[in-house]
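entry-v7.cif (mmCIF, C-alpha atoms) appears below.
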data_model
loop_
_atom_site.group_PDB
_atom_site.id
_atom_site.type_symbol
_atom_site.label_atom_id
_atom_site.label_comp_id
_atom_site.auth_asym_id
_atom_site.auth_seq_id
_atom_site.Cartn_x
_atom_site.Cartn_y
_atom_site.Cartn_z
ATOM 1 C CA MET A 21 -10.330 1.955 -20.482
ATOM 2 C CA ASN A 22 -11.284 4.382 -17.787
ATOM 3 C CA PRO A 23 -11.005 8.129 -18.395
ATOM 4 C CA GLY A 24 -12.253 8.768 -14.856
ATOM 5 C CA PRO A 25 -15.167 7.623 -12.695
ATOM 6 C CA LYS A 26 -18.670 9.007 -13.207
ATOM 7 C CA ILE A 27 -21.564 8.989 -10.748
ATOM 8 C CA VAL A 28 -24.425 7.050 -12.300
ATOM 9 C CA ARG A 29 -27.003 7.031 -9.472
ATOM 10 C CA TYR A 30 -27.478 7.502 -5.745
ATOM 11 C CA LEU A 31 -28.029 4.810 -3.134
ATOM 12 C CA PHE A 32 -31.631 5.080 -1.763
ATOM 13 C CA GLY A 33 -31.895 8.387 -3.630
ATOM 14 C CA ASN A 34 -29.565 9.930 -1.023
ATOM 15 C CA GLU A 35 -27.210 12.625 -2.359
ATOM 16 C CA ALA A 36 -24.580 11.682 0.245
ATOM 17 C CA LEU A 37 -24.273 8.082 -1.056
ATOM 18 C CA PRO A 38 -23.201 8.284 -4.707
ATOM 19 C CA ILE A 39 -22.587 5.114 -6.720
ATOM 20 C CA SER A 40 -19.989 5.463 -9.484
ATOM 21 C CA ASP A 41 -19.676 3.221 -12.533
ATOM 22 C CA THR A 42 -16.319 1.929 -11.264
ATOM 23 C CA LEU A 43 -18.010 0.762 -8.045
ATOM 24 C CA ILE A 44 -20.595 -1.212 -10.042
ATOM 25 C CA VAL A 45 -17.859 -2.840 -12.148
ATOM 26 C CA SER A 46 -15.887 -3.735 -9.020
ATOM 27 C CA TRP A 47 -19.007 -5.364 -7.516
ATOM 28 C CA ILE A 48 -19.438 -7.353 -10.738
ATOM 29 C CA VAL A 49 -15.770 -8.434 -10.597
ATOM 30 C CA VAL A 50 -16.088 -9.494 -6.959
ATOM 31 C CA ILE A 51 -19.359 -11.403 -7.487
ATOM 32 C CA LEU A 52 -18.076 -13.184 -10.610
ATOM 33 C CA PHE A 53 -14.881 -14.120 -8.800
ATOM 34 C CA ILE A 54 -16.745 -15.462 -5.750
ATOM 35 C CA ILE A 55 -18.956 -17.596 -8.011
ATOM 36 C CA PHE A 56 -15.881 -18.834 -9.926
ATOM 37 C CA ALA A 57 -14.029 -19.665 -6.698
ATOM 38 C CA ARG A 58 -17.072 -21.537 -5.294
ATOM 39 C CA ILE A 59 -17.452 -23.587 -8.472
ATOM 40 C CA ILE A 60 -13.812 -24.659 -8.743
ATOM 41 C CA THR A 61 -13.492 -25.515 -5.051
ATOM 42 C CA LEU A 62 -16.660 -27.675 -5.033
ATOM 43 C CA ASN A 63 -14.832 -30.833 -6.057
ATOM 44 C CA LEU A 64 -11.081 -30.629 -5.492
ATOM 45 C CA LYS A 65 -9.242 -33.777 -6.567
ATOM 46 C CA MET A 66 -5.865 -35.260 -5.731
ATOM 47 C CA ARG A 67 -5.197 -35.539 -9.478
ATOM 48 C CA PRO A 68 -6.209 -32.040 -10.618
ATOM 49 C CA GLY A 69 -7.964 -31.289 -13.872
ATOM 50 C CA TYR A 70 -7.108 -28.407 -16.221
ATOM 51 C CA VAL A 71 -8.759 -25.595 -14.229
ATOM 52 C CA GLN A 72 -7.594 -26.771 -10.806
ATOM 53 C CA ASN A 73 -4.059 -27.189 -12.177
ATOM 54 C CA ALA A 74 -3.999 -23.615 -13.501
ATOM 55 C CA ILE A 75 -5.311 -22.153 -10.237
ATOM 56 C CA GLU A 76 -2.819 -24.165 -8.175
ATOM 57 C CA MET A 77 -0.020 -22.888 -10.417
ATOM 58 C CA LEU A 78 -1.151 -19.253 -9.947
ATOM 59 C CA LEU A 79 -1.249 -19.655 -6.160
ATOM 60 C CA THR A 80 2.173 -21.334 -6.147
ATOM 61 C CA VAL A 81 3.635 -18.465 -8.179
ATOM 62 C CA ILE A 82 2.215 -15.894 -5.715
ATOM 63 C CA GLU A 83 3.535 -17.906 -2.754
ATOM 64 C CA ASP A 84 6.983 -18.092 -4.385
ATOM 65 C CA GLN A 85 6.991 -14.286 -4.651
ATOM 66 C CA ILE A 86 6.130 -13.881 -0.935
ATOM 67 C CA GLU A 87 8.548 -16.518 0.382
ATOM 68 C CA PRO A 88 11.908 -14.698 -0.227
ATOM 69 C CA MET A 89 10.721 -11.442 1.391
ATOM 70 C CA LEU A 90 8.825 -12.924 4.350
ATOM 71 C CA PRO A 91 10.734 -16.149 5.041
ATOM 72 C CA GLY A 92 8.641 -19.022 6.351
ATOM 73 C CA GLU A 93 5.372 -17.088 6.132
ATOM 74 C CA GLY A 94 4.425 -17.523 2.493
ATOM 75 C CA ARG A 95 1.420 -19.692 3.351
ATOM 76 C CA LYS A 96 0.271 -17.276 6.066
ATOM 77 C CA PHE A 97 0.206 -14.191 3.807
ATOM 78 C CA LEU A 98 -0.984 -16.023 0.677
ATOM 79 C CA PRO A 99 -4.726 -15.293 1.240
ATOM 80 C CA PHE A 100 -4.144 -11.565 1.801
ATOM 81 C CA ILE A 101 -1.625 -10.899 -0.975
ATOM 82 C CA GLY A 102 -3.400 -13.328 -3.331
ATOM 83 C CA THR A 103 -6.744 -11.547 -2.857
ATOM 84 C CA ILE A 104 -5.197 -8.142 -3.539
ATOM 85 C CA PHE A 105 -3.281 -9.440 -6.558
ATOM 86 C CA ILE A 106 -6.260 -11.225 -8.123
ATOM 87 C CA PHE A 107 -8.697 -8.348 -7.484
ATOM 88 C CA VAL A 108 -6.306 -5.733 -8.909
ATOM 89 C CA GLY A 109 -5.421 -8.034 -11.804
ATOM 90 C CA LEU A 110 -9.056 -8.712 -12.737
ATOM 91 C CA GLY A 111 -9.890 -5.031 -12.282
ATOM 92 C CA ASN A 112 -7.123 -4.083 -14.699
ATOM 93 C CA LEU A 113 -7.875 -6.811 -17.247
ATOM 94 C CA ILE A 114 -11.654 -6.192 -17.395
ATOM 95 C CA GLY A 115 -10.936 -2.827 -19.037
ATOM 96 C CA VAL A 116 -10.056 -4.643 -22.252
ATOM 97 C CA ILE A 117 -13.816 -4.900 -22.967
ATOM 98 C CA PRO A 118 -14.588 -1.614 -24.789
ATOM 99 C CA GLY A 119 -16.698 0.739 -22.702
ATOM 100 C CA VAL A 120 -16.128 -1.007 -19.369
ATOM 101 C CA PRO A 121 -14.381 1.281 -16.838
ATOM 102 C CA ASN A 122 -11.613 -0.253 -14.710
ATOM 103 C CA PRO A 123 -12.414 -0.368 -10.984
ATOM 104 C CA THR A 124 -8.715 0.378 -10.361
ATOM 105 C CA GLY A 125 -8.930 3.622 -12.354
ATOM 106 C CA ASP A 126 -10.721 5.179 -9.388
ATOM 107 C CA LEU A 127 -8.641 6.671 -6.579
ATOM 108 C CA ASN A 128 -11.203 5.435 -4.015
ATOM 109 C CA THR A 129 -10.521 1.782 -4.912
ATOM 110 C CA THR A 130 -6.733 2.044 -4.974
ATOM 111 C CA LEU A 131 -6.526 4.224 -1.846
ATOM 112 C CA GLY A 132 -8.772 1.752 -0.031
ATOM 113 C CA LEU A 133 -6.525 -1.169 -0.952
ATOM 114 C CA ALA A 134 -3.393 0.822 -0.058
ATOM 115 C CA LEU A 135 -4.841 1.750 3.354
ATOM 116 C CA VAL A 136 -5.612 -1.917 4.059
ATOM 117 C CA VAL A 137 -1.990 -2.782 3.235
ATOM 118 C CA PHE A 138 -0.840 0.143 5.445
ATOM 119 C CA LEU A 139 -2.869 -1.100 8.437
ATOM 120 C CA VAL A 140 -1.772 -4.719 7.965
ATOM 121 C CA SER A 141 1.912 -3.758 7.716
ATOM 122 C CA HIS A 142 1.816 -1.678 10.910
ATOM 123 C CA TYR A 143 -0.147 -4.374 12.741
ATOM 124 C CA GLN A 144 2.410 -6.988 11.727
ATOM 125 C CA GLY A 145 5.279 -4.699 12.745
ATOM 126 C CA MET A 146 3.728 -4.173 16.193
ATOM 127 C CA LYS A 147 3.054 -7.907 16.574
ATOM 128 C CA GLU A 148 6.657 -8.714 15.673
ATOM 129 C CA ASN A 149 8.494 -6.108 17.785
ATOM 130 C CA GLY A 150 5.907 -5.169 20.431
ATOM 131 C CA VAL A 151 3.988 -1.881 20.347
ATOM 132 C CA TRP A 152 6.611 0.140 22.214
ATOM 133 C CA GLY A 153 9.542 -1.433 20.374
ATOM 134 C CA TYR A 154 7.888 -0.739 17.040
ATOM 135 C CA LEU A 155 7.076 2.889 17.867
ATOM 136 C CA LYS A 156 10.623 3.389 19.161
ATOM 137 C CA GLY A 157 11.875 2.305 15.725
ATOM 138 C CA PHE A 158 10.576 5.605 14.322
ATOM 139 C CA THR A 159 13.052 7.614 16.407
ATOM 140 C CA GLU A 160 16.070 5.863 14.896
ATOM 141 C CA PRO A 161 18.849 6.628 14.062
ATOM 142 C CA VAL A 162 18.363 9.866 16.104
ATOM 143 C CA PHE A 163 15.254 11.291 17.799
ATOM 144 C CA PHE A 164 15.580 14.435 15.670
ATOM 145 C CA LEU A 165 14.423 12.455 12.585
ATOM 146 C CA LEU A 166 11.006 11.485 14.046
ATOM 147 C CA PRO A 167 8.928 13.883 11.852
ATOM 148 C CA LEU A 168 10.746 12.740 8.714
ATOM 149 C CA ASN A 169 10.105 9.078 9.545
ATOM 150 C CA ILE A 170 6.399 9.767 10.128
ATOM 151 C CA ILE A 171 6.119 11.655 6.825
ATOM 152 C CA SER A 172 7.848 8.823 4.957
ATOM 153 C CA GLU A 173 5.406 6.332 6.521
ATOM 154 C CA LEU A 174 2.418 8.474 5.465
ATOM 155 C CA ALA A 175 3.821 8.810 1.941
ATOM 156 C CA LYS A 176 3.769 5.030 1.458
ATOM 157 C CA PRO A 177 -0.010 4.500 0.985
ATOM 158 C CA ILE A 178 -0.182 7.680 -1.120
ATOM 159 C CA SER A 179 2.513 6.598 -3.582
ATOM 160 C CA HIS A 180 1.207 3.006 -3.511
ATOM 161 C CA SER A 181 -2.305 4.061 -4.516
ATOM 162 C CA PHE A 182 -1.366 6.859 -6.921
ATOM 163 C CA ARG A 183 0.968 4.572 -8.890
ATOM 164 C CA LEU A 184 -1.816 2.162 -9.851
ATOM 165 C CA PHE A 185 -4.389 4.940 -10.300
ATOM 166 C CA GLY A 186 -2.075 7.045 -12.494
ATOM 167 C CA ASN A 187 -1.071 4.157 -14.711
ATOM 168 C CA ILE A 188 -4.632 2.984 -15.342
ATOM 169 C CA VAL A 189 -6.136 6.466 -15.787
ATOM 170 C CA GLY A 190 -3.267 7.565 -18.053
ATOM 171 C CA GLY A 191 -3.864 4.579 -20.333
ATOM 172 C CA GLY A 192 -7.636 5.125 -20.192
ATOM 173 C CA ILE A 193 -7.290 8.772 -21.245
ATOM 174 C CA ILE A 194 -5.086 7.847 -24.229
ATOM 175 C CA ILE A 195 -7.557 5.130 -25.323
ATOM 176 C CA THR A 196 -10.482 7.545 -24.946
ATOM 177 C CA ILE A 197 -8.693 10.156 -27.087
ATOM 178 C CA ILE A 198 -8.206 7.512 -29.817
ATOM 179 C CA TYR A 199 -11.878 6.487 -29.565
ATOM 180 C CA GLN A 200 -12.899 10.126 -30.071
ATOM 181 C CA ALA A 201 -10.406 10.734 -32.887
ATOM 182 C CA VAL A 202 -11.409 7.628 -34.884
ATOM 183 C CA PRO A 203 -15.082 6.826 -34.150
ATOM 184 C CA GLY A 204 -16.284 3.313 -34.882
ATOM 185 C CA LEU A 205 -12.825 1.738 -34.687
ATOM 186 C CA ILE A 206 -11.618 -0.387 -31.767
ATOM 187 C CA PRO A 207 -7.839 0.150 -31.333
ATOM 188 C CA VAL A 208 -6.890 -3.450 -30.541
ATOM 189 C CA PRO A 209 -3.083 -2.976 -30.136
ATOM 190 C CA ILE A 210 -3.560 0.020 -27.825
ATOM 191 C CA HIS A 211 -6.082 -1.955 -25.750
ATOM 192 C CA ALA A 212 -3.688 -4.910 -25.608
ATOM 193 C CA TRP A 213 -0.803 -2.713 -24.468
ATOM 194 C CA PHE A 214 -2.544 -0.571 -21.849
ATOM 195 C CA ASP A 215 -5.091 -3.049 -20.492
ATOM 196 C CA LEU A 216 -3.392 -6.443 -20.825
ATOM 197 C CA PHE A 217 0.355 -5.721 -20.541
ATOM 198 C CA ILE A 218 0.391 -2.642 -18.282
ATOM 199 C CA GLY A 219 -2.547 -4.077 -16.310
ATOM 200 C CA ALA A 220 -0.771 -7.367 -15.585
ATOM 201 C CA ILE A 221 2.529 -5.632 -14.717
ATOM 202 C CA GLN A 222 0.826 -3.119 -12.419
ATOM 203 C CA ALA A 223 -1.103 -5.879 -10.616
ATOM 204 C CA LEU A 224 2.195 -7.728 -10.065
ATOM 205 C CA ILE A 225 3.865 -4.545 -8.829
ATOM 206 C CA PHE A 226 0.964 -3.650 -6.511
ATOM 207 C CA GLY A 227 1.248 -7.074 -4.877
ATOM 208 C CA MET A 228 5.062 -6.981 -4.717
ATOM 209 C CA VAL A 229 5.104 -3.517 -3.149
ATOM 210 C CA ALA A 230 2.510 -4.662 -0.587
ATOM 211 C CA ILE A 231 4.794 -7.587 0.337
ATOM 212 C CA ALA A 232 7.778 -5.204 0.529
ATOM 213 C CA TYR A 233 5.951 -2.796 2.880
ATOM 214 C CA ILE A 234 4.910 -5.627 5.217
ATOM 215 C CA SER A 235 8.433 -7.051 5.179
ATOM 216 C CA VAL A 236 10.009 -3.631 5.923
ATOM 217 C CA ALA A 237 7.595 -3.038 8.840
ATOM 218 C CA LYS A 238 8.344 -6.475 10.284
ATOM 219 C CA THR A 239 12.125 -6.163 10.178
ATOM 220 C CA SER A 240 12.475 -2.533 11.313
ATOM 221 C CA MET B 16 -5.022 50.339 -13.742
ATOM 222 C CA VAL B 17 -6.830 48.274 -16.354
ATOM 223 C CA GLU B 18 -9.996 46.470 -15.221
ATOM 224 C CA PHE B 19 -10.471 42.996 -16.760
ATOM 225 C CA SER B 20 -13.898 41.434 -17.130
ATOM 226 C CA PRO B 21 -14.486 38.060 -15.368
ATOM 227 C CA GLU B 22 -14.512 36.203 -18.722
ATOM 228 C CA VAL B 23 -11.034 37.459 -19.575
ATOM 229 C CA ILE B 24 -9.725 36.528 -16.127
ATOM 230 C CA ASN B 25 -11.273 33.048 -16.394
ATOM 231 C CA THR B 26 -9.703 32.554 -19.816
ATOM 232 C CA ILE B 27 -6.304 33.592 -18.482
ATOM 233 C CA ILE B 28 -6.650 31.192 -15.529
ATOM 234 C CA LYS B 29 -7.649 28.362 -17.873
ATOM 235 C CA ALA B 30 -4.731 29.029 -20.213
ATOM 236 C CA ALA B 31 -2.297 29.176 -17.292
ATOM 237 C CA ALA B 32 -3.641 25.881 -15.909
ATOM 238 C CA LEU B 33 -3.292 24.109 -19.259
ATOM 239 C CA LEU B 34 0.223 25.522 -19.693
ATOM 240 C CA GLY B 35 1.043 24.368 -16.170
ATOM 241 C CA ALA B 36 -0.215 20.869 -16.997
ATOM 242 C CA GLY B 37 2.166 20.783 -19.936
ATOM 243 C CA PHE B 38 5.060 21.989 -17.791
ATOM 244 C CA ALA B 39 4.225 19.422 -15.097
ATOM 245 C CA MET B 40 4.766 16.620 -17.558
ATOM 246 C CA ILE B 41 8.410 17.675 -18.028
ATOM 247 C CA ALA B 42 8.875 15.469 -14.958
ATOM 248 C CA GLY B 43 8.390 12.529 -17.333
ATOM 249 C CA ILE B 44 12.050 12.856 -18.319
ATOM 250 C CA GLY B 45 13.240 11.601 -14.929
ATOM 251 C CA PRO B 46 11.423 8.250 -14.790
ATOM 252 C CA GLY B 47 12.279 7.665 -18.461
ATOM 253 C CA VAL B 48 16.002 8.006 -17.787
ATOM 254 C CA GLY B 49 15.774 6.015 -14.563
ATOM 255 C CA GLN B 50 13.780 3.130 -16.002
ATOM 256 C CA GLY B 51 16.012 2.933 -19.053
ATOM 257 C CA TYR B 52 19.088 2.803 -16.830
ATOM 258 C CA ALA B 53 17.552 0.030 -14.723
ATOM 259 C CA ALA B 54 16.584 -1.953 -17.833
ATOM 260 C CA GLY B 55 20.069 -1.559 -19.303
ATOM 261 C CA LYS B 56 21.707 -2.789 -16.097
ATOM 262 C CA ALA B 57 19.261 -5.719 -16.017
ATOM 263 C CA VAL B 58 20.248 -6.653 -19.595
ATOM 264 C CA GLU B 59 23.916 -6.596 -18.538
ATOM 265 C CA ALA B 60 23.137 -8.769 -15.516
ATOM 266 C CA VAL B 61 21.158 -11.288 -17.598
ATOM 267 C CA ALA B 62 23.982 -11.421 -20.158
ATOM 268 C CA ARG B 63 26.460 -12.186 -17.369
ATOM 269 C CA GLN B 64 24.220 -14.649 -15.472
ATOM 270 C CA PRO B 65 21.428 -16.020 -17.678
ATOM 271 C CA GLU B 66 20.321 -18.521 -15.007
ATOM 272 C CA ALA B 67 19.269 -15.700 -12.614
ATOM 273 C CA ARG B 68 16.887 -14.227 -15.195
ATOM 274 C CA GLY B 69 13.660 -14.539 -13.176
ATOM 275 C CA ASN B 70 15.047 -12.881 -10.055
ATOM 276 C CA ILE B 71 16.666 -10.079 -12.057
ATOM 277 C CA ILE B 72 13.457 -9.295 -13.935
ATOM 278 C CA THR B 73 11.379 -9.206 -10.738
ATOM 279 C CA THR B 74 13.883 -6.903 -9.032
ATOM 280 C CA MET B 75 14.068 -4.691 -12.118
ATOM 281 C CA LEU B 76 10.280 -4.339 -12.315
ATOM 282 C CA LEU B 77 10.054 -3.462 -8.612
ATOM 283 C CA GLY B 78 12.785 -0.834 -8.932
ATOM 284 C CA GLN B 79 11.218 0.605 -12.065
ATOM 285 C CA ALA B 80 7.849 0.817 -10.321
ATOM 286 C CA VAL B 81 9.381 2.857 -7.524
ATOM 287 C CA ALA B 82 11.262 5.060 -10.013
ATOM 288 C CA GLU B 83 7.994 5.618 -11.854
ATOM 289 C CA SER B 84 6.271 7.246 -8.844
ATOM 290 C CA THR B 85 7.553 10.756 -9.585
ATOM 291 C CA GLY B 86 6.303 10.550 -13.153
ATOM 292 C CA ILE B 87 2.916 9.342 -11.930
ATOM 293 C CA TYR B 88 2.720 12.246 -9.464
ATOM 294 C CA SER B 89 3.300 14.701 -12.292
ATOM 295 C CA LEU B 90 0.652 12.936 -14.389
ATOM 296 C CA VAL B 91 -1.856 13.221 -11.539
ATOM 297 C CA ILE B 92 -1.033 16.921 -11.108
ATOM 298 C CA ALA B 93 -1.501 17.473 -14.835
ATOM 299 C CA ILE B 94 -4.851 15.616 -14.800
ATOM 300 C CA VAL B 95 -6.030 17.684 -11.824
ATOM 301 C CA LEU B 96 -4.991 20.914 -13.556
ATOM 302 C CA ILE B 97 -6.779 19.975 -16.788
ATOM 303 C CA PHE B 98 -10.015 18.581 -15.388
ATOM 304 C CA THR B 99 -10.754 20.827 -12.417
ATOM 305 C CA ILE B 100 -10.350 24.163 -14.191
#
Would you kindly transcribe this structure into structure tokens?
Amino acid sequence: MNPGPKIVRYLFGNEALPISDTLIVSWIVVILFIIFARIITLNLKMRPGYVQNAIEMLLTVIEDQIEPMLPGEGRKFLPFIGTIFIFVGLGNLIGVIPGVPNPTGDLNTTLGLALVVFLVSHYQGMKENGVWGYLKGFTEPVFFLLPLNIISELAKPISHSFRLFGNIVGGGIIITIIYQAVPGLIPVPIHAWFDLFIGAIQALIFGMVAIAYISVAKTS
Amino acid sequence: MVEFSPEVINTIIKAAALLGAGFAMIAGIGPGVGQGYAAGKAVEAVARQPEARGNIITTMLLGQAVAESTGIYSLVIAIVLIFTI
């Protein structure tokens, strides 16, 4: 649940550096995930155990999603897309603990991720077609459409970030209203729907749309 | 010419903003229709070709996510109208 980020304190007591509760939760998610990743990669075996098997399966599933849209480059984009997918997924799922705000329910987090995807997609497009060839692609089919093409490119990170933000904040507001209407009761089905189901689907969609943007920039 | 006090004007602005938030959410009709249409077509496709189920569901979810954007924009506008006034 996340009805909206709140500023809890200031870095070094400086008013210009606010720290919101979503930022603290995202740091916790990142640190826990780094520790988890270090522990499971300490002793990798040829015959994997339960945990290694599950992680390998998750990575294979992500790679299988990338492979049809970026042929032959699934392994190359796996670290980038996998990081985004796992961070967004954990950020969505951690909201199932009552009182913990989702890091993804903050427009700063989602817009940051969307801008990273935006930069990577344009970099890949320029690497694939050359800088001039890529920029010339914006004037097609006729030069007259250049402003429209630029606006549609700028709309991509906005819609990409607002989709995740709106879904998570909308669910968080509904859960908060139920918490205020019935104090002392934890609405388990509502939590399961908005945090587990919608959270997992939105993480999948955020990753898929990132792959689609990179693939569109590479082929244009 | 009737002079209104600042409290009355603020109340009118607040009421108009809340009403506007409600009107903004009328946009929720569009994504509802669109997502339902996509889901119905996906059910037809799965019924015709059950072996392509995984691909169809992934494509359906991606299309629904894009169709959902307009609804999410209206939700964001409604949230801004409610919480900034």
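The shell of residues at most 12 Å from segment 32-45 of chain B, with only C-alpha atoms counted and near chain neighbours (fewer than 6 positions) removed, consists of Asn25, Thr26, Gly51, Tyr52, Gln79, Ala82, Glu83, Ser84, Thr85, Gly86, Ile87, Tyr88, Ser89, Leu90, Val91, Ile92, Ala93, Ile94, Val95, Leu96, Ile97, Phe98, Thr99 and Ile100 of chain B.
The space between atom CA of Gln144 of chain A and atom CA of Thr239 of chain A spans 9.9 Å.
The set of residues that the PyMOL selection byres ((chain A and resi 55-62) around 12) takes from this file is Ile48, Val49, Val50, Ile51, Leu52, Phe53, Ile54, Asn63, Leu64, Lys65, Pro68, Gly69, Tyr70, Val71, Gln72, Asn73, Ala74, Ile75, Glu76, Thr103 and Ile106 of chain A.
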Please, what distance in Å, to one decimal, runs between atom CA of Ile231 of chain A and atom CA of Val137 of chain A?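 Computing it gives 8.8 Å between the two atoms.
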Ground truth for the PyMOL selection byres ((chain A and resi 78-93) around 9), written as a PyMOL selection string: chain A and resi 73-77+94-98+101-102+105+227-228+231-232+234-235+238
Can you work out the spacing between atom CA of Thr129 of chain A and atom CA of Phe217 of chain A in Å, to one decimal?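 Going from atom CA of Thr129 of chain A over to atom CA of Phe217 of chain A covers 20.5 Å.
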Can you work out which residues from chain A touch chain B at a cut-off of 9 Å (counting all atoms listed in the file) and hand them back as a ChimeraX atom specification? /A:179-180,182-187,190,221-222,225,228-229
Please evaluate the PyMOL selection byres ((chain A and resi 167-178) around 8) against the structure above and give the resulting residues as a ChimeraX atom specification. /A:131,134-135,137-138,158-159,164-166,179-182
Quick one: everything within 12 Å of Ala212 of chain A, counting all atoms listed in the file, minus sequence neighbours fewer than 2 positions away in the same chain. Send it as a ChimeraX atom specification. /A:21,112-118,191,195,206-210,214-220
Can those selected residues be exported to a file as a PDB file, in the coordinates of the input so that it contains C-alpha atoms?
ATOM      1  CA  MET A  21     -10.330   1.955 -20.482  1.00  0.00           C
ATOM      2  CA  ASN A 112      -7.123  -4.083 -14.699  1.00  0.00           C
ATOM      3  CA  LEU A 113      -7.875  -6.811 -17.247  1.00  0.00           C
ATOM      4  CA  ILE A 114     -11.654  -6.192 -17.395  1.00  0.00           C
ATOM      5  CA  GLY A 115     -10.936  -2.827 -19.037  1.00  0.00           C
ATOM      6  CA  VAL A 116     -10.056  -4.643 -22.252  1.00  0.00           C
ATOM      7  CA  ILE A 117     -13.816  -4.900 -22.967  1.00  0.00           C
ATOM      8  CA  PRO A 118     -14.588  -1.614 -24.789  1.00  0.00           C
ATOM      9  CA  GLY A 191      -3.864   4.579 -20.333  1.00  0.00           C
ATOM     10  CA  ILE A 195      -7.557   5.130 -25.323  1.00  0.00           C
ATOM     11  CA  ILE A 206     -11.618  -0.387 -31.767  1.00  0.00           C
ATOM     12  CA  PRO A 207      -7.839   0.150 -31.333  1.00  0.00           C
ATOM     13  CA  VAL A 208      -6.890  -3.450 -30.541  1.00  0.00           C
ATOM     14  CA  PRO A 209      -3.083  -2.976 -30.136  1.00  0.00           C
ATOM     15  CA  ILE A 210      -3.560   0.020 -27.825  1.00  0.00           C
ATOM     16  CA  PHE A 214      -2.544  -0.571 -21.849  1.00  0.00           C
ATOM     17  CA  ASP A 215      -5.091  -3.049 -20.492  1.00  0.00           C
ATOM     18  CA  LEU A 216      -3.392  -6.443 -20.825  1.00  0.00           C
ATOM     19  CA  PHE A 217       0.355  -5.721 -20.541  1.00  0.00           C
ATOM     20  CA  ILE A 218       0.391  -2.642 -18.282  1.00  0.00           C
ATOM     21  CA  GLY A 219      -2.547  -4.077 -16.310  1.00  0.00           C
ATOM     22  CA  ALA A 220      -0.771  -7.367 -15.585  1.00  0.00           C
TER      23      ALA A 220
END
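The smallest atom-to-atom distance between Asn122 of chain A and any of A:Phe163, A:Trp152, A:Tyr233, A:Trp47, using all atoms listed in the file, is found for A:Trp47.
You can rank A:Ala237, A:Val120, A:Ile104, A:Leu139 by their closest distance to Asp41 of chain A using all atoms listed in the file, and at the top of that list sits A:Val120.
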Would you kindly place N, CA and C atoms on segment 22-33 of chain B and return the model as a PDB file, in the coordinates of the input?
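The new file part18.pdb reads:
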ATOM      1  N   GLU B  22     -14.768  37.196 -17.673  1.00  0.00           N
ATOM      2  CA  GLU B  22     -14.512  36.203 -18.722  1.00  0.00           C
ATOM      3  C   GLU B  22     -13.041  36.180 -19.086  1.00  0.00           C
ATOM      4  N   VAL B  23     -12.448  37.379 -19.205  1.00  0.00           N
ATOM      5  CA  VAL B  23     -11.034  37.459 -19.575  1.00  0.00           C
ATOM      6  C   VAL B  23     -10.178  36.812 -18.495  1.00  0.00           C
ATOM      7  N   ILE B  24     -10.521  37.099 -17.227  1.00  0.00           N
ATOM      8  CA  ILE B  24      -9.725  36.528 -16.127  1.00  0.00           C
ATOM      9  C   ILE B  24      -9.849  35.012 -16.121  1.00  0.00           C
ATOM     10  N   ASN B  25     -11.086  34.505 -16.352  1.00  0.00           N
ATOM     11  CA  ASN B  25     -11.273  33.048 -16.394  1.00  0.00           C
ATOM     12  C   ASN B  25     -10.468  32.422 -17.521  1.00  0.00           C
ATOM     13  N   THR B  26     -10.464  33.099 -18.686  1.00  0.00           N
ATOM     14  CA  THR B  26      -9.703  32.554 -19.816  1.00  0.00           C
ATOM     15  C   THR B  26      -8.223  32.507 -19.492  1.00  0.00           C
ATOM     16  N   ILE B  27      -7.729  33.576 -18.838  1.00  0.00           N
ATOM     17  CA  ILE B  27      -6.304  33.592 -18.482  1.00  0.00           C
ATOM     18  C   ILE B  27      -5.987  32.472 -17.504  1.00  0.00           C
ATOM     19  N   ILE B  28      -6.886  32.263 -16.512  1.00  0.00           N
ATOM     20  CA  ILE B  28      -6.650  31.192 -15.529  1.00  0.00           C
ATOM     21  C   ILE B  28      -6.625  29.843 -16.224  1.00  0.00           C
ATOM     22  N   LYS B  29      -7.574  29.643 -17.164  1.00  0.00           N
ATOM     23  CA  LYS B  29      -7.649  28.362 -17.873  1.00  0.00           C
ATOM     24  C   LYS B  29      -6.374  28.126 -18.685  1.00  0.00           C
ATOM     25  N   ALA B  30      -5.942  29.169 -19.395  1.00  0.00           N
ATOM     26  CA  ALA B  30      -4.731  29.029 -20.213  1.00  0.00           C
ATOM     27  C   ALA B  30      -3.526  28.726 -19.341  1.00  0.00           C
ATOM     28  N   ALA B  31      -3.436  29.409 -18.186  1.00  0.00           N
ATOM     29  CA  ALA B  31      -2.297  29.176 -17.292  1.00  0.00           C
ATOM     30  C   ALA B  31      -2.327  27.760 -16.758  1.00  0.00           C
ATOM     31  N   ALA B  32      -3.551  27.242 -16.442  1.00  0.00           N
ATOM     32  CA  ALA B  32      -3.641  25.881 -15.909  1.00  0.00           C
ATOM     33  C   ALA B  32      -3.216  24.863 -16.959  1.00  0.00           C
ATOM     34  N   LEU B  33      -3.663  25.072 -18.211  1.00  0.00           N
ATOM     35  CA  LEU B  33      -3.292  24.109 -19.259  1.00  0.00           C
ATOM     36  C   LEU B  33      -1.790  24.151 -19.521  1.00  0.00           C
TER      37      LEU B  33
END
